[in-house]
Amino acid sequence: MWQRLSKRYRFKLLLGVTTDTYDSFGLISRCDPDAVKDFPSKVQPILDEALASVGGEIDQAYPPFSSMTAINASGFRQALWKWSREGRLHEIQSVPTKRVVVHTLNWTDTSHITGAELLDRCKADCLSLSDPSNFRVTEILDSWKSSIKDRHLSAVTFPVLTIVVDVSSGTYVRALCHAIGQKVGCGGIALEIERERVGPFTLKDLMLRQTRRQQAMAGGGEESRQ
């Protein structure tokens, strides 16, 4: 039921950085603070166009690190994240896409974060994984360190946009972040994603519903048998 309902997300878009996962859990492929220097004066017109371009009905490509399966020229099929982990994404003839709808997209706030704060954020995110040993934690941290600390960018600031978006089911917010960053020309990743609504239900509604269901199941109530 919940999977088919539209969603509302509040997310933070970091500009000036690109990773292979489109978020802070990936290897940095580009770190370009000069591209967002003196934000927003230099990129404001382009940014407005980029935000508008991802609105409405769009064909969204699945992120490289997602569970969607893809097939190569030899007919071999596996999940996109496996192709990516093996460094064989180039073998995919066409990355699968999905038709999604971005109903509304509102840029509500702008803040800044330093390179040092970004590095600390990346470390915290990696350590929050349920099983860090099962992921590329060492490789990821080395990538962020070499891109920021080793280039003496610890004191440099990057813009962070807070955006609220209403989308159809199955929309990848981190893919929206990547698309916006690409269109602006500076790169962008999802720094933080929070789901605020599922269909007509707010996060508070869902938590209350879950609590009541757990209470009913604990007490052997009618809802526990549904």
# chains A, B, ... in the order shown; residues from 1 in each chain; ligands from 1
>>> residues_around(residues="Pro63 (chain A)", least_positions_apart="3", cutoff="12 Å", atoms="only C-alpha atoms", output="number ranges by chain")
A: 19-23, 26, 60, 66-70, 79-84, 89, 95-98, 171-179, 189
>>> residues_around(residues="Asn72 (chain A)", least_positions_apart="3", cutoff="8 Å", atoms="only C-alpha atoms", output="JSON, numbers by chain")
{"A": [75, 76, 77, 91, 92, 93]}
>>> write_last_selection(atoms="all heavy atoms", output="PDB file, in the first residue's frame")
ATOM      1  N   GLY A  75      24.346 -10.256 -22.582  1.00  0.00           N
ATOM      2  CA  GLY A  75      23.128 -10.811 -22.015  1.00  0.00           C
ATOM      3  C   GLY A  75      23.223 -11.128 -20.546  1.00  0.00           C
ATOM      4  O   GLY A  75      22.293 -11.700 -19.975  1.00  0.00           O
ATOM      5  N   PHE A  76      24.345 -10.770 -19.913  1.00  0.00           N
ATOM      6  CA  PHE A  76      24.489 -11.030 -18.484  1.00  0.00           C
ATOM      7  C   PHE A  76      23.733  -9.971 -17.700  1.00  0.00           C
ATOM      8  O   PHE A  76      23.853  -8.775 -17.969  1.00  0.00           O
ATOM      9  CB  PHE A  76      25.969 -11.031 -18.087  1.00  0.00           C
ATOM     10  CG  PHE A  76      26.209 -11.384 -16.652  1.00  0.00           C
ATOM     11  CD1 PHE A  76      25.978 -12.661 -16.181  1.00  0.00           C
ATOM     12  CD2 PHE A  76      26.657 -10.416 -15.758  1.00  0.00           C
ATOM     13  CE1 PHE A  76      26.201 -12.992 -14.862  1.00  0.00           C
ATOM     14  CE2 PHE A  76      26.872 -10.733 -14.425  1.00  0.00           C
ATOM     15  CZ  PHE A  76      26.649 -12.032 -13.981  1.00  0.00           C
ATOM     16  N   ARG A  77      22.971 -10.422 -16.709  1.00  0.00           N
ATOM     17  CA  ARG A  77      22.107  -9.517 -15.950  1.00  0.00           C
ATOM     18  C   ARG A  77      22.462  -9.547 -14.472  1.00  0.00           C
ATOM     19  O   ARG A  77      22.639 -10.609 -13.879  1.00  0.00           O
ATOM     20  CB  ARG A  77      20.647  -9.941 -16.128  1.00  0.00           C
ATOM     21  CG  ARG A  77      19.620  -9.039 -15.479  1.00  0.00           C
ATOM     22  CD  ARG A  77      18.231  -9.686 -15.554  1.00  0.00           C
ATOM     23  NE  ARG A  77      17.846  -9.975 -16.912  1.00  0.00           N
ATOM     24  CZ  ARG A  77      17.189  -9.124 -17.696  1.00  0.00           C
ATOM     25  NH1 ARG A  77      16.845  -7.931 -17.243  1.00  0.00           N
ATOM     26  NH2 ARG A  77      16.863  -9.464 -18.931  1.00  0.00           N
ATOM     27  N   GLU A  91      29.809  -1.365 -19.334  1.00  0.00           N
ATOM     28  CA  GLU A  91      29.328  -2.463 -20.172  1.00  0.00           C
ATOM     29  C   GLU A  91      27.828  -2.378 -20.418  1.00  0.00           C
ATOM     30  O   GLU A  91      27.313  -3.018 -21.345  1.00  0.00           O
ATOM     31  CB  GLU A  91      29.657  -3.815 -19.522  1.00  0.00           C
ATOM     32  CG  GLU A  91      31.138  -4.110 -19.396  1.00  0.00           C
ATOM     33  CD  GLU A  91      31.394  -5.473 -18.789  1.00  0.00           C
ATOM     34  OE1 GLU A  91      30.477  -6.332 -18.845  1.00  0.00           O
ATOM     35  OE2 GLU A  91      32.486  -5.687 -18.242  1.00  0.00           O
ATOM     36  N   ILE A  92      27.132  -1.614 -19.577  1.00  0.00           N
ATOM     37  CA  ILE A  92      25.677  -1.494 -19.728  1.00  0.00           C
ATOM     38  C   ILE A  92      25.371  -0.633 -20.950  1.00  0.00           C
ATOM     39  O   ILE A  92      25.841   0.499 -21.068  1.00  0.00           O
ATOM     40  CB  ILE A  92      25.042  -0.843 -18.478  1.00  0.00           C
ATOM     41  CG1 ILE A  92      25.411  -1.628 -17.220  1.00  0.00           C
ATOM     42  CG2 ILE A  92      23.531  -0.752 -18.633  1.00  0.00           C
ATOM     43  CD1 ILE A  92      24.940  -3.045 -17.233  1.00  0.00           C
ATOM     44  N   GLN A  93      24.592  -1.193 -21.871  1.00  0.00           N
ATOM     45  CA  GLN A  93      24.264  -0.457 -23.082  1.00  0.00           C
ATOM     46  C   GLN A  93      23.350   0.726 -22.798  1.00  0.00           C
ATOM     47  O   GLN A  93      23.490   1.792 -23.385  1.00  0.00           O
ATOM     48  CB  GLN A  93      23.617  -1.400 -24.102  1.00  0.00           C
ATOM     49  CG  GLN A  93      24.574  -2.457 -24.651  1.00  0.00           C
ATOM     50  CD  GLN A  93      23.905  -3.351 -25.677  1.00  0.00           C
ATOM     51  OE1 GLN A  93      22.804  -3.851 -25.464  1.00  0.00           O
ATOM     52  NE2 GLN A  93      24.563  -3.539 -26.804  1.00  0.00           N
TER      53      GLN A  93
END
>>> select_by_dssp(residues="region 32-144 of chain A", states="helix (DSSP H, G or I)", output="ChimeraX atom specification")
/A:33-36,44-53,80-85,89-91,115-127,132-134,137-144
>>> residues_around(residues="Leu119 (chain A)", least_positions_apart="5", cutoff="8 Å", atoms="only C-alpha atoms", output="PyMOL selection string")
chain A and resi 144-145+148
>>> closest_residue(among="A:Gly187, A:Leu5, A:Glu117, A:Ser53", to="Ala35 (chain A)", atoms="only C-alpha atoms")
A:Gly187
>>> closest_residue(among="A:Arg197, A:Lys183, A:Arg151, A:Arg4", to="Leu47 (chain A)", atoms="only C-alpha atoms")
A:Lys183
>>> closest_residue(among="A:Leu208, A:Ala61, A:Leu141, A:Ile71", to="Arg121 (chain A)", atoms="only C-alpha atoms")
A:Leu141
>>> residues_around(residues="Glu196 (chain A)", least_positions_apart="2", cutoff="12 Å", atoms="only C-alpha atoms", output="list in words")
Ser6, Lys7, Arg8, Tyr9, Arg10, Phe11, Val164, Val165, Asp166, Val167, Ile193, Glu194, Val198, Gly199, Pro200, Phe201, Thr202, Leu203, Lys204, Asp205, Leu206 and Met207 of chain A
>>> write_last_selection(atoms="N, CA, C and O atoms", output="JSON list (two decimals), in the first residue's frame")
[["chain", "number", "residue", "atom", "x", "y", "z"],
["A", 6, "SER", "N", 2.33, 8.71, -3.16],
["A", 6, "SER", "CA", 3.30, 9.79, -3.39],
["A", 6, "SER", "C", 4.02, 10.11, -2.08],
["A", 6, "SER", "O", 3.54, 9.78, -0.99],
["A", 7, "LYS", "N", 5.18, 10.75, -2.18],
["A", 7, "LYS", "CA", 5.99, 11.05, -1.01],
["A", 7, "LYS", "C", 6.38, 12.53, -0.99],
["A", 7, "LYS", "O", 6.47, 13.17, -2.03],
["A", 8, "ARG", "N", 6.60, 13.02, 0.22],
["A", 8, "ARG", "CA", 7.18, 14.36, 0.39],
["A", 8, "ARG", "C", 8.49, 14.21, 1.14],
["A", 8, "ARG", "O", 8.56, 13.56, 2.18],
["A", 9, "TYR", "N", 9.53, 14.82, 0.59],
["A", 9, "TYR", "CA", 10.84, 14.78, 1.21],
["A", 9, "TYR", "C", 11.37, 16.19, 1.44],
["A", 9, "TYR", "O", 11.13, 17.10, 0.64],
["A", 10, "ARG", "N", 12.09, 16.35, 2.52],
["A", 10, "ARG", "CA", 12.89, 17.54, 2.76],
["A", 10, "ARG", "C", 14.34, 17.08, 2.69],
["A", 10, "ARG", "O", 14.76, 16.21, 3.45],
["A", 11, "PHE", "N", 15.09, 17.65, 1.77],
["A", 11, "PHE", "CA", 16.47, 17.19, 1.61],
["A", 11, "PHE", "C", 17.43, 18.35, 1.48],
["A", 11, "PHE", "O", 17.05, 19.48, 1.17],
["A", 164, "VAL", "N", 12.23, 21.15, -0.49],
["A", 164, "VAL", "CA", 11.08, 20.31, -0.18],
["A", 164, "VAL", "C", 10.44, 19.89, -1.49],
["A", 164, "VAL", "O", 10.15, 20.74, -2.35],
["A", 165, "VAL", "N", 10.22, 18.60, -1.64],
["A", 165, "VAL", "CA", 9.73, 18.08, -2.92],
["A", 165, "VAL", "C", 8.61, 17.07, -2.69],
["A", 165, "VAL", "O", 8.64, 16.29, -1.74],
["A", 166, "ASP", "N", 7.59, 17.14, -3.54],
["A", 166, "ASP", "CA", 6.51, 16.14, -3.58],
["A", 166, "ASP", "C", 6.68, 15.34, -4.86],
["A", 166, "ASP", "O", 6.68, 15.92, -5.96],
["A", 167, "VAL", "N", 6.83, 14.01, -4.71],
["A", 167, "VAL", "CA", 7.14, 13.18, -5.87],
["A", 167, "VAL", "C", 6.28, 11.92, -5.88],
["A", 167, "VAL", "O", 5.73, 11.51, -4.86],
["A", 193, "ILE", "N", 18.46, 13.39, 3.63],
["A", 193, "ILE", "CA", 17.11, 13.18, 3.08],
["A", 193, "ILE", "C", 16.18, 12.78, 4.22],
["A", 193, "ILE", "O", 16.45, 11.83, 4.95],
["A", 194, "GLU", "N", 15.08, 13.50, 4.35],
["A", 194, "GLU", "CA", 14.09, 13.20, 5.39],
["A", 194, "GLU", "C", 12.71, 13.09, 4.75],
["A", 194, "GLU", "O", 12.26, 14.01, 4.06],
["A", 198, "VAL", "N", 3.78, 10.50, 3.47],
["A", 198, "VAL", "CA", 3.49, 9.40, 2.55],
["A", 198, "VAL", "C", 2.01, 9.48, 2.23],
["A", 198, "VAL", "O", 1.17, 9.25, 3.11],
["A", 199, "GLY", "N", 1.68, 9.83, 0.98],
["A", 199, "GLY", "CA", 0.28, 10.04, 0.64],
["A", 199, "GLY", "C", -0.31, 11.13, 1.52],
["A", 199, "GLY", "O", 0.29, 12.19, 1.69],
["A", 200, "PRO", "N", -1.45, 10.88, 2.16],
["A", 200, "PRO", "CA", -2.06, 11.89, 3.04],
["A", 200, "PRO", "C", -1.51, 11.87, 4.46],
["A", 200, "PRO", "O", -1.91, 12.67, 5.29],
["A", 201, "PHE", "N", -0.58, 10.96, 4.74],
["A", 201, "PHE", "CA", -0.10, 10.75, 6.11],
["A", 201, "PHE", "C", 1.24, 11.45, 6.34],
["A", 201, "PHE", "O", 2.17, 11.28, 5.57],
["A", 202, "THR", "N", 1.32, 12.21, 7.43],
["A", 202, "THR", "CA", 2.59, 12.81, 7.82],
["A", 202, "THR", "C", 3.43, 11.77, 8.55],
["A", 202, "THR", "O", 2.93, 10.70, 8.91],
["A", 203, "LEU", "N", 4.69, 12.09, 8.78],
["A", 203, "LEU", "CA", 5.55, 11.18, 9.51],
["A", 203, "LEU", "C", 5.00, 10.90, 10.91],
["A", 203, "LEU", "O", 5.04, 9.78, 11.40],
["A", 204, "LYS", "N", 4.43, 11.94, 11.53],
["A", 204, "LYS", "CA", 3.83, 11.78, 12.85],
["A", 204, "LYS", "C", 2.65, 10.82, 12.80],
["A", 204, "LYS", "O", 2.46, 9.97, 13.69],
["A", 205, "ASP", "N", 1.82, 10.94, 11.75],
["A", 205, "ASP", "CA", 0.68, 10.03, 11.57],
["A", 205, "ASP", "C", 1.15, 8.58, 11.48],
["A", 205, "ASP", "O", 0.57, 7.68, 12.09],
["A", 206, "LEU", "N", 2.21, 8.36, 10.68],
["A", 206, "LEU", "CA", 2.70, 7.01, 10.46],
["A", 206, "LEU", "C", 3.27, 6.40, 11.74],
["A", 206, "LEU", "O", 3.07, 5.22, 12.03],
["A", 207, "MET", "N", 3.98, 7.23, 12.51],
["A", 207, "MET", "CA", 4.55, 6.75, 13.76],
["A", 207, "MET", "C", 3.46, 6.39, 14.76],
["A", 207, "MET", "O", 3.53, 5.39, 15.46]]
